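Asks: Below is the structure I would like to discuss, written out as structure tokens.
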Amino acid sequence: MAQGTATRVSAAIREAQPASARAGRGLRSVLFSVGDGMFLLTVGVVAAACMRLVDSLGWNSVLAWIIGMGLAMLLQTILAFAAAPLLGSIETMVPSMVVAMTCPMVLDFLEMIGVNLGWSWSVALGAGFGFAMFMFVEGYGVLCRKSFRRAGVPR
């Protein structure tokens, strides 16, 4: 009984909104997704470039790994703080943190097993990590919205 009432109330609220407010929601969502995707691509490229730069200095491997990953995480944090007012703090910090941790680790692992990627392939790998995280976040959002709709939670 209460769920049917809540559905009718949310439908009435939706109908009461002006058409311009409903129409702008789709464009805003697209722009948010584009911004989120570009942000994660940027974080992946920056993390890979940081790791590659520190690796190219020829230091001891363990020292280079620690400093490279630390520098990648520091730059990721700065980028996330800069993008947080536009994209939201959770939406920027959590996915970019995963990208900035895993991308340098994979580059270090590849170096450990003897695969030496050049600059262009390292940056492409970073962009790939950013794109993969973006696709994961978007897919997870779609699944959550489907679950909420099935449960009857209004938008």
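Following the order of the structure tokens, chains are lettered A, B, ..., residues in each are numbered from 1, and ligands are numbered from 1.
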Counting only C-alpha atoms, what is within 12 Å of Ala49 in chain A, bar same-chain residues fewer than 6 positions away, as a short mmCIF file (atom, residue, chain, number, x, y, z; two decimals) with N, CA and C atoms, in the first residue's frame?
Replies:
```cif
data_model
loop_
_atom_site.label_atom_id
_atom_site.label_comp_id
_atom_site.auth_asym_id
_atom_site.auth_seq_id
_atom_site.Cartn_x
_atom_site.Cartn_y
_atom_site.Cartn_z
N THR A 42 43.10 10.84 -17.94
CA THR A 42 44.20 11.72 -17.54
C THR A 42 44.97 11.14 -16.37
N VAL A 43 44.26 10.63 -15.38
CA VAL A 43 44.93 10.04 -14.22
C VAL A 43 45.77 8.84 -14.65
N ASP A 55 61.38 5.34 -13.46
CA ASP A 55 62.11 4.17 -13.93
C ASP A 55 63.27 4.54 -14.85
N SER A 56 63.10 5.60 -15.62
CA SER A 56 64.14 5.99 -16.58
C SER A 56 65.36 6.61 -15.90
N GLY A 68 58.15 6.13 -7.47
CA GLY A 68 57.26 6.27 -8.62
C GLY A 68 55.80 6.11 -8.25
N MET A 69 55.49 5.10 -7.44
CA MET A 69 54.09 4.91 -7.03
C MET A 69 53.64 6.02 -6.10
N LEU A 71 54.76 9.14 -6.12
CA LEU A 71 54.57 10.33 -6.95
C LEU A 71 53.28 10.22 -7.76
N ALA A 72 52.99 9.04 -8.28
CA ALA A 72 51.74 8.85 -9.03
C ALA A 72 50.53 9.07 -8.14
N LEU A 75 50.17 12.91 -7.37
CA LEU A 75 49.58 13.64 -8.49
C LEU A 75 48.12 13.28 -8.70
N GLN A 76 47.77 12.01 -8.46
CA GLN A 76 46.36 11.61 -8.55
C GLN A 76 45.52 12.34 -7.52
N ALA A 100 45.56 4.94 -10.24
CA ALA A 100 46.90 5.42 -9.92
C ALA A 100 47.71 4.39 -9.13
N CYS A 103 48.09 0.93 -12.18
CA CYS A 103 48.87 1.17 -13.40
C CYS A 103 50.38 1.14 -13.14
N PRO A 104 50.90 1.88 -12.15
CA PRO A 104 52.34 1.76 -11.88
C PRO A 104 52.76 0.36 -11.44
N LEU A 107 53.13 -1.70 -14.56
CA LEU A 107 54.35 -1.30 -15.26
C LEU A 107 55.59 -1.87 -14.56
N LEU A 117 58.50 -1.62 -21.74
CA LEU A 117 57.65 -0.82 -22.63
C LEU A 117 58.29 0.55 -22.84
N GLY A 118 58.14 1.09 -24.00
CA GLY A 118 58.60 2.45 -24.26
C GLY A 118 57.63 3.45 -23.68
N TRP A 119 57.94 4.72 -23.89
CA TRP A 119 57.07 5.79 -23.37
C TRP A 119 55.66 5.71 -23.95
N SER A 120 55.58 5.52 -25.24
CA SER A 120 54.25 5.56 -25.87
C SER A 120 53.38 4.40 -25.40
N TRP A 121 53.97 3.21 -25.27
CA TRP A 121 53.18 2.07 -24.80
C TRP A 121 52.83 2.19 -23.32
N SER A 122 53.72 2.79 -22.54
CA SER A 122 53.42 3.00 -21.12
C SER A 122 52.25 3.97 -20.95
N VAL A 123 52.28 5.05 -21.72
CA VAL A 123 51.18 6.02 -21.65
C VAL A 123 49.89 5.41 -22.18
N ALA A 124 49.99 4.60 -23.23
CA ALA A 124 48.79 3.92 -23.75
C ALA A 124 48.24 2.94 -22.72
N LEU A 125 49.12 2.27 -21.98
CA LEU A 125 48.66 1.37 -20.92
C LEU A 125 47.94 2.15 -19.83
N GLY A 126 48.49 3.32 -19.47
CA GLY A 126 47.83 4.17 -18.47
C GLY A 126 46.46 4.63 -18.94
N ALA A 127 46.37 5.03 -20.21
CA ALA A 127 45.07 5.43 -20.75
C ALA A 127 44.11 4.25 -20.77
#
```
Asks: Residues of range 91-113 of chain A within 12 Å of range 24-41 of chain A: nearest atom pair and distance (Å, one decimal) for each, counting only C-alpha atoms, sorted by chain and number, as a tab-separated table?
Replies:
```
residue	atom	partner	partner_atom	distance
A:Glu91	CA	A:Asp36	CA	7.9
A:Thr92	CA	A:Asp36	CA	7.5
A:Met93	CA	A:Leu40	CA	10.0
A:Val94	CA	A:Leu40	CA	10.6
A:Pro95	CA	A:Leu40	CA	7.6
A:Ser96	CA	A:Leu40	CA	6.0
A:Met97	CA	A:Leu40	CA	9.7
A:Val98	CA	A:Leu40	CA	10.1
A:Val99	CA	A:Leu40	CA	7.6
A:Ala100	CA	A:Leu40	CA	9.4
A:Cys103	CA	A:Leu41	CA	11.5
```
Asks: What does the distance between CA of Met101 in chain A and CA of Met135 in chain A come to in Å, to one decimal place?
Replies: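 Computing the Euclidean distance for CA of Met101 in chain A and CA of Met135 in chain A yields 17.5 Å.
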Asks: Which of these residues is nearest to Val46 in chain A, using only C-alpha atoms: A:Ile90, A:Phe129, A:Val115, A:Val137?
Replies: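 Smallest separation from Val46 in chain A among the options: A:Phe129.
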